[in-house]
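Engineer: So I've got this file, protein37.csv, and it contains CSV, C-alpha atoms:
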chain,number,residue,atom,x,y,z
A,1,MET,CA,-3.1,37.7,17.3
A,2,LEU,CA,-0.4,38.1,14.6
A,3,LYS,CA,0.1,34.3,14.6
A,4,SER,CA,-3.6,33.7,14.0
A,5,PHE,CA,-3.7,36.5,11.4
A,6,THR,CA,-0.7,34.8,9.5
A,7,ALA,CA,-2.5,31.5,9.6
A,8,ARG,CA,-5.7,32.9,8.3
A,9,ALA,CA,-4.0,34.6,5.5
A,10,ILE,CA,-1.6,31.9,4.4
A,11,ILE,CA,-3.5,28.6,4.9
A,12,PRO,CA,-6.3,29.3,2.3
A,13,VAL,CA,-3.8,30.4,-0.2
A,14,THR,CA,-1.5,27.4,0.4
A,15,VAL,CA,-4.4,24.9,0.1
A,16,ALA,CA,-6.0,26.6,-2.9
A,17,VAL,CA,-2.7,26.9,-4.9
A,18,THR,CA,-1.4,23.4,-3.9
A,19,GLY,CA,-4.7,21.7,-4.7
A,20,PHE,CA,-5.1,23.5,-8.0
A,21,VAL,CA,-1.4,22.8,-9.1
A,22,ALA,CA,-1.7,19.2,-8.1
A,23,VAL,CA,-4.9,18.6,-10.1
A,24,CYS,CA,-3.4,20.5,-13.1
A,25,PHE,CA,-0.3,18.3,-12.8
A,26,ILE,CA,-2.2,15.1,-12.8
A,27,LEU,CA,-4.5,16.1,-15.8
A,28,LEU,CA,-1.6,17.6,-17.8
A,29,TYR,CA,0.6,14.5,-17.2
A,30,ALA,CA,-2.3,12.2,-18.3
A,31,VAL,CA,-2.8,14.2,-21.5
A,32,MET,CA,1.0,14.2,-22.2
A,33,LYS,CA,1.2,10.4,-21.5
A,34,ASN,CA,-1.8,9.7,-23.8
A,35,ASP,CA,-0.2,11.8,-26.5
A,36,ALA,CA,3.1,10.0,-26.1
A,37,VAL,CA,1.5,6.5,-26.2
A,38,ARG,CA,-0.6,7.5,-29.2
A,39,GLU,CA,2.5,8.7,-31.1
A,40,THR,CA,4.4,5.6,-30.1
A,41,ILE,CA,1.6,3.3,-31.4
A,42,LYS,CA,1.4,5.3,-34.6
A,43,HIS,CA,5.1,5.0,-35.1
A,44,GLU,CA,5.0,1.2,-34.4
A,45,THR,CA,2.0,0.7,-36.7
A,46,ASN,CA,4.1,2.4,-39.5
A,47,LEU,CA,7.0,0.1,-38.6
A,48,ALA,CA,4.7,-3.0,-38.8
A,49,ARG,CA,3.4,-1.9,-42.2
A,50,THR,CA,6.9,-1.4,-43.4
A,51,VAL,CA,7.7,-4.9,-42.3
A,52,VAL,CA,4.7,-6.3,-44.2
A,53,LYS,CA,5.7,-4.3,-47.3
A,54,SER,CA,9.3,-5.6,-47.1
A,55,THR,CA,8.1,-9.2,-47.0
A,56,ARG,CA,5.7,-8.8,-49.9
A,57,TYR,CA,8.1,-9.9,-52.6
A,58,ALA,CA,9.1,-13.1,-50.7
A,59,MET,CA,5.4,-13.8,-50.0
A,60,LEU,CA,4.5,-13.4,-53.7
A,61,HIS,CA,7.2,-15.9,-54.6
A,62,ASN,CA,6.3,-18.2,-51.6
A,63,ASP,CA,9.9,-17.9,-50.6
A,64,ARG,CA,9.6,-19.2,-47.0
A,65,ASP,CA,13.3,-19.2,-46.2
A,66,SER,CA,13.7,-15.5,-47.1
A,67,LEU,CA,10.6,-14.7,-45.1
A,68,GLN,CA,11.9,-16.5,-42.0
A,69,ASN,CA,15.3,-14.8,-42.6
A,70,ILE,CA,13.6,-11.3,-42.8
A,71,ILE,CA,11.5,-12.0,-39.7
A,72,GLY,CA,14.6,-13.4,-37.8
A,73,ASN,CA,16.7,-10.3,-38.7
A,74,ILE,CA,14.1,-7.9,-37.7
A,75,GLY,CA,13.5,-9.8,-34.5
A,76,ASN,CA,17.2,-9.6,-33.6
A,77,GLN,CA,17.0,-5.8,-33.5
A,78,GLU,CA,17.3,-4.2,-30.1
A,79,GLY,CA,13.9,-3.5,-28.5
A,80,VAL,CA,12.0,-6.0,-30.7
A,81,GLU,CA,10.5,-8.4,-28.1
A,82,HIS,CA,8.6,-10.6,-30.6
A,83,ILE,CA,7.6,-10.7,-34.2
A,84,ARG,CA,5.5,-13.4,-35.9
A,85,ILE,CA,3.3,-14.0,-38.9
A,86,PHE,CA,0.3,-16.2,-38.5
A,87,ASN,CA,-2.4,-17.2,-41.0
A,88,LYS,CA,-6.1,-16.7,-40.8
A,89,LYS,CA,-6.6,-19.7,-38.6
A,90,GLY,CA,-4.0,-18.5,-36.1
A,91,PHE,CA,-1.3,-21.0,-37.2
A,92,ILE,CA,2.1,-19.4,-36.6
A,93,SER,CA,4.1,-19.7,-39.9
A,94,PHE,CA,7.1,-17.4,-39.1
A,95,SER,CA,8.5,-16.1,-35.8
A,96,LYS,CA,11.6,-14.7,-34.2
A,97,ASP,CA,11.3,-17.5,-31.7
A,98,ILE,CA,11.5,-20.6,-33.8
A,99,THR,CA,10.0,-22.8,-31.1
A,100,GLU,CA,6.7,-20.9,-31.7
A,101,LYS,CA,6.5,-22.0,-35.3
A,102,GLY,CA,3.6,-24.4,-36.0
A,103,LYS,CA,1.7,-23.4,-32.8
A,104,THR,CA,-1.7,-21.9,-33.0
A,105,VAL,CA,-2.6,-18.6,-31.3
A,106,ASP,CA,-5.8,-18.3,-29.3
A,107,LYS,CA,-8.4,-16.1,-31.0
A,108,SER,CA,-9.7,-14.9,-27.7
A,109,ALA,CA,-6.3,-13.7,-26.6
A,110,ALA,CA,-5.5,-9.9,-26.5
A,111,GLY,CA,-4.5,-8.7,-29.9
A,112,CYS,CA,-6.8,-11.2,-31.6
A,113,ILE,CA,-10.1,-10.6,-29.8
A,114,GLU,CA,-10.3,-7.0,-31.2
A,115,CYS,CA,-11.1,-8.5,-34.6
A,116,HIS,CA,-12.7,-11.8,-33.6
A,117,ARG,CA,-15.1,-10.3,-31.1
A,118,GLY,CA,-18.2,-10.8,-33.4
A,119,PRO,CA,-19.4,-13.8,-35.4
A,120,GLU,CA,-17.7,-12.3,-38.5
A,121,PRO,CA,-14.1,-11.1,-37.9
A,122,ALA,CA,-13.5,-7.4,-38.5
A,123,ALA,CA,-11.2,-6.6,-41.5
A,124,VAL,CA,-10.2,-3.1,-40.6
A,125,LEU,CA,-9.3,-1.6,-37.2
A,126,GLY,CA,-8.1,1.8,-36.0
A,127,ASP,CA,-4.4,2.3,-35.0
A,128,MET,CA,-5.3,2.3,-31.3
A,129,LYS,CA,-7.3,-0.9,-31.4
A,130,GLN,CA,-4.5,-2.7,-33.2
A,131,ALA,CA,-2.3,-2.1,-30.2
A,132,ARG,CA,-2.1,-3.8,-26.8
A,133,ARG,CA,0.1,-3.3,-23.8
A,134,PHE,CA,1.3,-6.2,-21.6
A,135,THR,CA,4.2,-7.5,-19.6
A,136,ASN,CA,5.9,-10.5,-21.2
A,137,LYS,CA,7.4,-13.5,-19.5
A,138,LYS,CA,10.8,-11.8,-19.2
A,139,GLY,CA,9.1,-9.0,-17.2
A,140,THR,CA,9.4,-6.4,-20.0
A,141,GLU,CA,6.6,-4.1,-20.7
A,142,VAL,CA,5.6,-4.5,-24.4
A,143,ILE,CA,3.6,-2.5,-26.8
A,144,ALA,CA,2.4,-4.9,-29.5
A,145,ILE,CA,0.8,-4.2,-32.8
A,146,THR,CA,-1.1,-6.6,-35.0
A,147,VAL,CA,-1.4,-5.6,-38.7
A,148,PRO,CA,-3.5,-7.6,-41.1
A,149,ILE,CA,-1.9,-8.8,-44.4
A,150,TYR,CA,-4.6,-8.2,-47.0
A,151,ASN,CA,-5.3,-10.3,-50.0
A,152,GLU,CA,-4.2,-8.1,-53.0
A,153,HIS,CA,-4.8,-8.7,-56.7
A,154,GLU,CA,-1.2,-10.1,-57.2
A,155,CYS,CA,-1.8,-12.5,-54.3
A,156,PHE,CA,-4.6,-14.5,-55.8
A,157,THR,CA,-3.2,-14.3,-59.4
A,158,ALA,CA,0.3,-15.3,-58.6
A,159,PRO,CA,1.6,-18.3,-60.6
A,160,CYS,CA,3.2,-20.1,-57.7
A,161,HIS,CA,0.2,-20.4,-55.4
A,162,PHE,CA,-3.1,-18.6,-55.1
A,163,HIS,CA,-5.8,-17.6,-52.5
A,164,ALA,CA,-9.4,-17.3,-53.2
A,165,PRO,CA,-10.3,-13.7,-54.4
A,166,THR,CA,-13.1,-13.6,-51.8
A,167,GLN,CA,-10.6,-14.0,-49.0
A,168,LYS,CA,-10.0,-10.5,-47.5
A,169,ILE,CA,-7.2,-11.3,-45.1
A,170,LEU,CA,-4.4,-13.8,-45.6
A,171,GLY,CA,-2.7,-13.5,-42.2
A,172,THR,CA,-1.5,-11.2,-39.5
A,173,LEU,CA,1.8,-9.7,-38.5
A,174,ASP,CA,2.2,-9.4,-34.8
A,175,ILE,CA,5.2,-7.3,-33.6
A,176,GLY,CA,5.9,-6.3,-30.0
A,177,LEU,CA,8.4,-3.6,-29.1
A,178,SER,CA,9.7,-2.9,-25.6
A,179,ALA,CA,7.9,0.0,-23.9
A,180,GLU,CA,11.0,0.8,-21.8
A,181,PRO,CA,12.1,3.9,-23.9
A,182,LEU,CA,8.5,5.3,-23.6
A,183,SER,CA,8.4,4.6,-19.8
A,184,LYS,CA,11.8,6.3,-19.4
A,185,SER,CA,10.7,9.4,-21.3
A,186,LEU,CA,7.5,9.5,-19.3
A,187,ALA,CA,9.4,9.2,-16.0
A,188,LEU,CA,11.6,12.0,-17.1
A,189,ILE,CA,8.7,14.2,-18.0
A,190,ARG,CA,7.0,13.4,-14.7
A,191,GLN,CA,10.1,14.3,-12.7
A,192,ARG,CA,10.5,17.6,-14.5
A,193,MET,CA,6.9,18.4,-14.0
A,194,ILE,CA,7.1,17.7,-10.3
A,195,ILE,CA,10.1,19.9,-10.0
A,196,PHE,CA,8.3,22.6,-12.0
A,197,CYS,CA,5.2,22.3,-9.8
A,198,ILE,CA,7.3,22.5,-6.6
A,199,MET,CA,9.0,25.6,-7.9
A,200,VAL,CA,5.7,27.2,-8.8
A,201,LEU,CA,4.4,26.5,-5.3
A,202,ILE,CA,7.5,27.8,-3.6
A,203,ILE,CA,7.4,31.0,-5.7
A,204,THR,CA,3.7,31.6,-5.3
A,205,LEU,CA,3.5,30.9,-1.5
A,206,GLY,CA,6.9,32.5,-0.8
A,207,GLY,CA,5.8,35.6,-2.8
A,208,VAL,CA,2.5,35.9,-0.9
A,209,ALA,CA,4.1,35.3,2.4
A,210,ALA,CA,6.9,37.8,1.8
A,211,LEU,CA,4.5,40.5,0.6
A,212,LEU,CA,2.2,39.9,3.5
A,213,ARG,CA,5.1,40.1,6.0
A,214,ARG,CA,6.6,43.2,4.4
A,215,TYR,CA,3.4,45.2,3.9
A,216,VAL,CA,1.1,43.9,6.6
A,217,PHE,CA,2.6,41.9,9.5
A,218,ILE,CA,5.7,44.0,10.2
A,219,PRO,CA,3.8,47.4,10.0
A,220,LEU,CA,1.1,45.9,12.2
A,221,ARG,CA,3.7,44.8,14.7
A,222,ALA,CA,5.2,48.3,14.7
A,223,LEU,CA,1.7,49.7,15.1
A,224,ILE,CA,1.0,47.5,18.1
A,225,ASP,CA,4.4,48.6,19.7
A,226,TYR,CA,3.5,52.2,19.0
A,227,THR,CA,0.0,51.9,20.6
A,228,GLU,CA,1.5,50.2,23.6
A,229,LYS,CA,3.9,53.1,24.1
A,230,VAL,CA,1.0,55.7,23.6
A,231,ALA,CA,-1.1,53.8,26.1
A,232,LYS,CA,1.8,54.1,28.6
A,233,GLY,CA,1.8,57.9,28.1
A,234,SER,CA,4.6,58.6,25.7
A,235,ILE,CA,2.4,60.3,23.0
A,236,ASP,CA,5.2,62.1,21.2
A,237,GLU,CA,6.7,58.9,19.9
A,238,GLU,CA,7.6,58.9,16.2
A,239,LEU,CA,4.8,57.4,14.0
A,240,PRO,CA,5.8,53.9,12.7
A,241,ALA,CA,6.9,53.7,9.1
A,242,ALA,CA,4.0,51.9,7.4
A,243,ALA,CA,1.6,52.0,4.6
A,244,TRP,CA,-0.7,55.0,4.4
A,245,GLU,CA,-3.7,53.3,6.0
A,246,LEU,CA,-1.7,52.1,9.1
A,247,LYS,CA,0.1,55.4,9.4
A,248,GLU,CA,-3.3,57.2,9.4
A,249,LEU,CA,-4.5,54.9,12.1
A,250,ALA,CA,-1.4,55.6,14.2
A,251,ARG,CA,-1.9,59.4,13.7
A,252,ASN,CA,-5.6,59.1,14.8
A,253,ILE,CA,-4.6,57.1,17.9
A,254,ARG,CA,-2.0,59.8,18.8
A,255,CYS,CA,-4.7,62.6,18.4
A,256,LEU,CA,-7.0,60.6,20.6
A,257,ALA,CA,-4.3,60.2,23.2
A,258,ARG,CA,-3.5,63.9,23.2
A,259,GLU,CA,-7.2,64.8,23.6
A,260,ILE,CA,-7.5,62.5,26.6
A,261,LYS,CA,-4.3,63.9,28.1
A,262,LYS,CA,-5.6,67.5,27.6
A,263,LEU,CA,-9.0,66.6,29.2
A,264,LYS,CA,-7.2,65.0,32.2
A,265,GLN,CA,-5.0,68.1,32.6
A,266,ASP,CA,-8.1,70.4,32.3
A,267,LYS,CA,-9.9,68.4,35.0
A,268,GLN,CA,-6.9,68.7,37.4
B,1,MET,CA,-15.4,26.8,18.6
B,2,ALA,CA,-14.2,27.9,22.0
B,3,ARG,CA,-14.7,25.2,24.6
B,4,GLY,CA,-15.2,27.6,27.5
B,5,ALA,CA,-18.6,28.7,26.4
B,6,LYS,CA,-19.8,25.3,25.4
B,7,ALA,CA,-22.1,25.0,28.4
B,8,ASN,CA,-24.4,27.9,27.5
B,9,LYS,CA,-23.9,28.4,23.8
B,10,GLY,CA,-26.1,25.4,23.0
B,11,ASN,CA,-29.0,27.3,24.4
B,12,ILE,CA,-28.7,30.2,21.8
B,13,PRO,CA,-30.6,29.2,18.6
B,14,GLU,CA,-28.2,31.3,16.4
B,15,ILE,CA,-25.2,29.4,17.8
B,16,ARG,CA,-27.0,26.1,17.3
B,17,ALA,CA,-27.7,27.1,13.7
B,18,LEU,CA,-24.0,27.9,13.2
B,19,GLU,CA,-23.0,24.6,14.8
B,20,ARG,CA,-25.4,22.8,12.4
B,21,LYS,CA,-23.9,24.5,9.4
B,22,LEU,CA,-20.4,23.3,10.5
B,23,SER,CA,-21.7,19.8,11.2
B,24,LEU,CA,-23.3,19.6,7.7
B,25,GLU,CA,-20.0,20.7,6.1
B,26,MET,CA,-18.2,17.9,8.0
B,27,LEU,CA,-20.9,15.4,7.2
B,28,ALA,CA,-20.6,16.2,3.5
B,29,ALA,CA,-16.8,15.9,3.7
B,30,ALA,CA,-17.2,12.5,5.4
B,31,LEU,CA,-19.6,11.4,2.7
B,32,PHE,CA,-17.2,12.5,0.1
B,33,LEU,CA,-14.5,10.4,1.7
B,34,LEU,CA,-16.9,7.4,1.7
B,35,VAL,CA,-17.7,7.9,-2.0
B,36,SER,CA,-13.9,8.2,-2.6
B,37,ILE,CA,-13.2,4.9,-0.9
B,38,GLY,CA,-15.9,3.3,-3.1
B,39,ALA,CA,-14.4,5.0,-6.2
B,40,GLY,CA,-10.9,3.9,-5.3
B,41,LYS,CA,-12.1,0.3,-5.3
B,42,GLY,CA,-13.9,0.8,-8.6
B,43,PHE,CA,-17.5,0.9,-7.2
B,44,PRO,CA,-17.7,-2.9,-6.6
B,45,PHE,CA,-21.2,-2.4,-5.0
B,46,LEU,CA,-22.6,-0.9,-8.2
B,47,PRO,CA,-24.3,-3.4,-10.6
B,48,ALA,CA,-22.6,-3.8,-14.0
B,49,LEU,CA,-24.5,-2.0,-16.7
B,50,THR,CA,-26.1,-4.3,-19.3
B,51,PRO,CA,-25.3,-3.6,-23.0
B,52,LYS,CA,-29.0,-2.6,-23.3
B,53,ILE,CA,-28.7,0.1,-20.6
B,54,ARG,CA,-25.4,1.2,-22.1
B,55,THR,CA,-27.1,1.6,-25.5
B,56,VAL,CA,-29.8,3.7,-23.9
B,57,LEU,CA,-27.3,5.9,-22.0
B,58,GLY,CA,-25.2,6.4,-25.2
B,59,ALA,CA,-21.5,6.8,-25.5
B,60,PRO,CA,-19.8,8.2,-22.4
B,61,PRO,CA,-18.1,11.6,-22.7
B,62,SER,CA,-14.3,11.3,-23.4
B,63,PRO,CA,-12.0,11.6,-20.4
B,64,ASN,CA,-10.5,14.8,-21.9
B,65,MET,CA,-14.0,16.4,-21.8
B,66,ILE,CA,-14.6,15.3,-18.2
B,67,ASN,CA,-11.2,16.6,-17.2
B,68,THR,CA,-11.7,20.0,-18.9
B,69,LEU,CA,-14.9,20.3,-16.8
B,70,LEU,CA,-13.1,19.1,-13.7
B,71,LEU,CA,-10.5,21.8,-14.2
B,72,LEU,CA,-13.2,24.5,-14.7
B,73,TYR,CA,-15.0,23.2,-11.7
B,74,ILE,CA,-12.0,23.3,-9.3
B,75,PHE,CA,-11.0,26.8,-10.6
B,76,SER,CA,-14.5,28.2,-10.2
B,77,ALA,CA,-15.1,26.5,-6.8
B,78,ILE,CA,-11.8,27.9,-5.4
B,79,ILE,CA,-12.6,31.4,-6.7
B,80,LEU,CA,-16.2,31.2,-5.2
B,81,ILE,CA,-14.9,30.1,-1.8
B,82,LEU,CA,-12.2,32.7,-1.7
B,83,GLY,CA,-14.8,35.3,-2.7
B,84,ARG,CA,-17.0,34.2,0.2
B,85,MET,CA,-14.1,34.4,2.6
B,86,MET,CA,-13.4,38.0,1.4
B,87,ALA,CA,-17.1,38.9,1.8
B,88,ALA,CA,-17.2,37.2,5.2
B,89,SER,CA,-20.3,35.4,3.9
B,90,GLY,CA,-21.5,32.2,5.7
B,91,LYS,CA,-22.8,30.7,2.5
B,92,ALA,CA,-21.7,27.2,1.6
B,93,SER,CA,-22.8,24.4,-0.6
B,94,PRO,CA,-21.3,21.2,0.9
B,95,PHE,CA,-23.9,18.8,-0.7
B,96,GLY,CA,-23.7,20.6,-4.0
B,97,HIS,CA,-20.0,19.8,-4.1
B,98,LEU,CA,-20.6,16.3,-3.1
B,99,GLY,CA,-23.0,15.9,-6.0
B,100,TYR,CA,-20.6,17.4,-8.5
B,101,LEU,CA,-17.6,15.3,-7.3
B,102,THR,CA,-19.7,12.1,-7.2
B,103,GLY,CA,-20.8,12.9,-10.8
B,104,PHE,CA,-17.1,13.2,-11.9
B,105,TYR,CA,-16.4,9.8,-10.3
B,106,PHE,CA,-19.3,8.2,-12.0
B,107,PHE,CA,-18.5,9.7,-15.4
B,108,HIS,CA,-14.9,8.5,-15.2
B,109,HIS,CA,-16.2,5.1,-13.9
B,110,PHE,CA,-18.6,4.6,-16.8
B,111,SER,CA,-16.0,5.8,-19.4
B,112,GLY,CA,-13.5,3.3,-18.0
B,113,SER,CA,-10.9,6.0,-17.0
B,114,LEU,CA,-11.5,6.1,-13.2
B,115,PRO,CA,-8.2,4.3,-12.2
B,116,GLU,CA,-6.2,6.9,-14.2
B,117,TYR,CA,-8.1,10.0,-12.9
B,118,PHE,CA,-9.1,9.0,-9.4
B,119,TRP,CA,-6.5,11.1,-7.8
B,120,ALA,CA,-7.4,14.2,-9.8
B,121,VAL,CA,-11.0,14.1,-8.6
B,122,PHE,CA,-10.0,13.1,-5.0
B,123,ILE,CA,-7.5,16.0,-4.7
B,124,THR,CA,-10.1,18.4,-6.1
B,125,GLY,CA,-12.6,17.2,-3.4
B,126,ILE,CA,-10.1,17.5,-0.6
B,127,THR,CA,-9.0,21.0,-1.7
B,128,ILE,CA,-12.6,22.2,-1.9
B,129,TYR,CA,-13.8,20.7,1.3
B,130,PHE,CA,-10.7,21.8,3.2
B,131,LEU,CA,-11.1,25.4,2.0
B,132,GLU,CA,-14.9,25.5,2.5
B,133,GLY,CA,-14.6,23.8,5.9
B,134,TYR,CA,-11.8,26.2,7.0
B,135,HIS,CA,-13.9,29.2,5.9
B,136,ILE,CA,-17.1,27.9,7.6
B,137,PHE,CA,-15.1,27.1,10.8
B,138,LEU,CA,-13.7,30.6,11.0
B,139,TYR,CA,-17.1,32.1,10.1
B,140,CYS,CA,-18.9,30.1,12.7
B,141,THR,CA,-16.2,30.8,15.4
B,142,GLU,CA,-16.4,34.6,14.7
B,143,GLU,CA,-20.2,34.7,14.6
B,144,SER,CA,-20.7,32.7,17.7
B,145,LYS,CA,-18.1,34.9,19.5
B,146,LYS,CA,-20.1,38.0,18.4
B,147,ILE,CA,-23.4,36.5,19.6
B,148,ARG,CA,-21.9,35.5,23.0
B,149,GLU,CA,-20.4,39.0,23.4
B,150,LYS,CA,-23.9,40.5,22.8
B,151,GLU,CA,-25.5,38.2,25.3
Would you mind giving the structure from this file in structure tokens?
Structural biologist:
Amino acid sequence: MLKSFTARAIIPVTVAVTGFVAVCFILLYAVMKNDAVRETIKHETNLARTVVKSTRYAMLHNDRDSLQNIIGNIGNQEGVEHIRIFNKKGFISFSKDITEKGKTVDKSAAGCIECHRGPEPAAVLGDMKQARRFTNKKGTEVIAITVPIYNEHECFTAPCHFHAPTQKILGTLDIGLSAEPLSKSLALIRQRMIIFCIMVLIITLGGVAALLRRYVFIPLRALIDYTEKVAKGSIDEELPAAAWELKELARNIRCLAREIKKLKQDKQ
Amino acid sequence: MARGAKANKGNIPEIRALERKLSLEMLAAALFLLVSIGAGKGFPFLPALTPKIRTVLGAPPSPNMINTLLLLYIFSAIILILGRMMAASGKASPFGHLGYLTGFYFFHHFSGSLPEYFWAVFITGITIYFLEGYHIFLYCTEESKKIREKE
């Protein structure tokens, strides 16, 4: 009986708490992961814009050696998986990987299709749409950002070369950074959250089990022992130490036993 | 339910009703598992929505909004089932839960976030069906025992 009582009390609590904590863990982790990815993309977009700004002077002077040098130096930084600049037609003019120079990127590839989806390519994209995640040939997970290089007033009025004033975009900077630091941070967060959830489960279930045992199961066991002794005839047994309700029940049983004993004696 | 009384309990209409209640609960849980298998594979049997239908349906709710509702749903469902356990009430809504959970799967599917949130909906369903099934099982066992004792 006690065993069944324990099961009936503990099982629903265990299932309810475990299920709820597990769902909360999954949803909370997903929110934290999305926030972390969004922040990383924001940070990388700023970095890409900084690169575009730092190459502006060399571009205005059509200094191609300086441009390749800047791109090469940035590309050698730890965590930079690729960096390239290509023109409106997709012709790669500058790249960290010099073997890529002169090749043409596919407009339907990830990173290009976002702008070239329609008949007229989009000139402005949100931060999240500029980003893409993929695993490169080396097996490294990469978060890549494409930032358009806009045609500014100085670009089409520069003395060295010029672009048509109607041309909105001159080219695109594509920079890909390793997602390994982000993955490591997320794995750490996940581990800590799992440990936290397990601790919450242990404390909740342990607390419920301990309280039930202390205030229900042990007094109930004592009450069963007491009633067994009363049933065998020893009605002057000391009442079991229990909560008010159980003690009252024991007292009533003792009264009942005394009445029965008295009735039996009267009959004899 | 106790096996000993199986021979004669089927003849009592009340016990039959209790057995039907338990069977419906199990049927709903089995249907939920089937829907989950489909959801886990990305509902390959569903036809892809044409852009026209998508325009008519409008933009799907954001995953955050669906998840907030999912959290509210699991919380209120657990409270409701525990409340029914306390009140020793035999009420249950197995097909209602099936509808809600399938709805969550569909919303995540059409907003493109099902692979990320499949486990959240699945664990919600398992928790709810386990709790409700356990409650209905205990309720039916106790009630049929009472009926048999009266007979």
Engineer: Could you name the residues that touch Ser93 of chain B at 12 Å or less, counting only C-alpha atoms, but leaving out those on the same chain fewer than 3 positions away, as a list of chain:residue names?
Structural biologist: B:Lys21, B:Leu22, B:Leu24, B:Glu25, B:Met26, B:Ala28, B:Ala29, B:Ala77, B:Leu80, B:Ile81, B:Arg84, B:Gly90, B:Gly96, B:His97, B:Leu98, B:Gly99, B:Tyr100, B:Ile128, B:Tyr129, B:Glu132, B:Gly133, B:Ile136
Engineer: Find the residues of chain A in contact range of chain B, meaning any atom within 8 Å when counting all atoms listed in the file, and list them as a JSON list (two decimals) with C-alpha atoms, keeping the file's coordinate frame.
Structural biologist:
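Saved file out.json follows:
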[["chain", "number", "residue", "atom", "x", "y", "z"],
["A", 12, "PRO", "CA", -6.30, 29.30, 2.30],
["A", 15, "VAL", "CA", -4.40, 24.90, 0.10],
["A", 16, "ALA", "CA", -6.00, 26.60, -2.90],
["A", 19, "GLY", "CA", -4.70, 21.70, -4.70],
["A", 20, "PHE", "CA", -5.10, 23.50, -8.00],
["A", 22, "ALA", "CA", -1.70, 19.20, -8.10],
["A", 23, "VAL", "CA", -4.90, 18.60, -10.10],
["A", 24, "CYS", "CA", -3.40, 20.50, -13.10],
["A", 26, "ILE", "CA", -2.20, 15.10, -12.80],
["A", 27, "LEU", "CA", -4.50, 16.10, -15.80],
["A", 30, "ALA", "CA", -2.30, 12.20, -18.30],
["A", 31, "VAL", "CA", -2.80, 14.20, -21.50]]
Engineer: When distances are computed from only C-alpha atoms, which of A:Thr146, A:Pro240, A:Ser178, A:Leu173 shows the smallest separation from Thr55 of chain A?
Structural biologist: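 That would be A:Leu173, the residue with the smallest distance to Thr55 of chain A.
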Engineer: Atom CA of Gly233 of chain A and atom CA of Arg258 of chain A, how far apart in Å?
Structural biologist: 9.4 Å
Engineer: Which residues, written as number ranges by chain, have at least one atom at most 10 Å from Ile202 of chain A, with all atoms listed in the file counted and residues fewer than 6 positions away on the same chain left out?
Structural biologist: A: 14, 18, 196, 208
Engineer: Closest to Leu114 of chain B among B:Ser23, B:Ser89, B:Ser62, B:Thr55, using all atoms listed in the file?
Structural biologist: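 Checking each of B:Ser23, B:Ser89, B:Ser62, B:Thr55 against Leu114 of chain B, counting all atoms listed in the file, the winner is B:Ser62.
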Engineer: Just give me the gap between atom CA of Lys101 of chain A and atom CA of Asp63 of chain A in Å, one decimal is fine.
Structural biologist: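 Between atom CA of Lys101 of chain A and atom CA of Asp63 of chain A the gap is 16.2 Å.
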Engineer: Using atom CA of Ala241 of chain A and atom CA of Leu205 of chain A as the two end points, give the distance in Å to one decimal.
Structural biologist: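 Taking atom CA of Ala241 of chain A and atom CA of Leu205 of chain A, their separation equals 25.4 Å.
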Engineer: Give me the residues near Glu81 of chain A as a PyMOL selection string, where near means some atom within 12 Å (using only C-alpha atoms) and where sequence neighbours in that chain fewer than 3 positions away do not count.
Structural biologist: chain A and resi 72+74-78+84+95-97+134-145+174-180
Engineer: Nearest to Ala87 of chain B among B:Leu27, B:Val35, B:Leu101, B:Tyr139, with distances taken over only C-alpha atoms: which residue is it?
Structural biologist: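 Counting only C-alpha atoms, the residue closest to Ala87 of chain B is B:Tyr139.
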Engineer: Take the point (11.0, -11.0, -42.7) in the file's coordinates, draw a sphere of radius 9 Å around it, and report as a list in words every protein, DNA or RNA residue with an atom inside or on it, counting all atoms listed in the file.
Structural biologist: Val51, Val52, Ser54, Thr55, Ala58, Ser66, Leu67, Gln68, Asn69, Ile70, Ile71, Gly72, Asn73, Ile74, Gly75, Phe94 and Ser95 of chain A
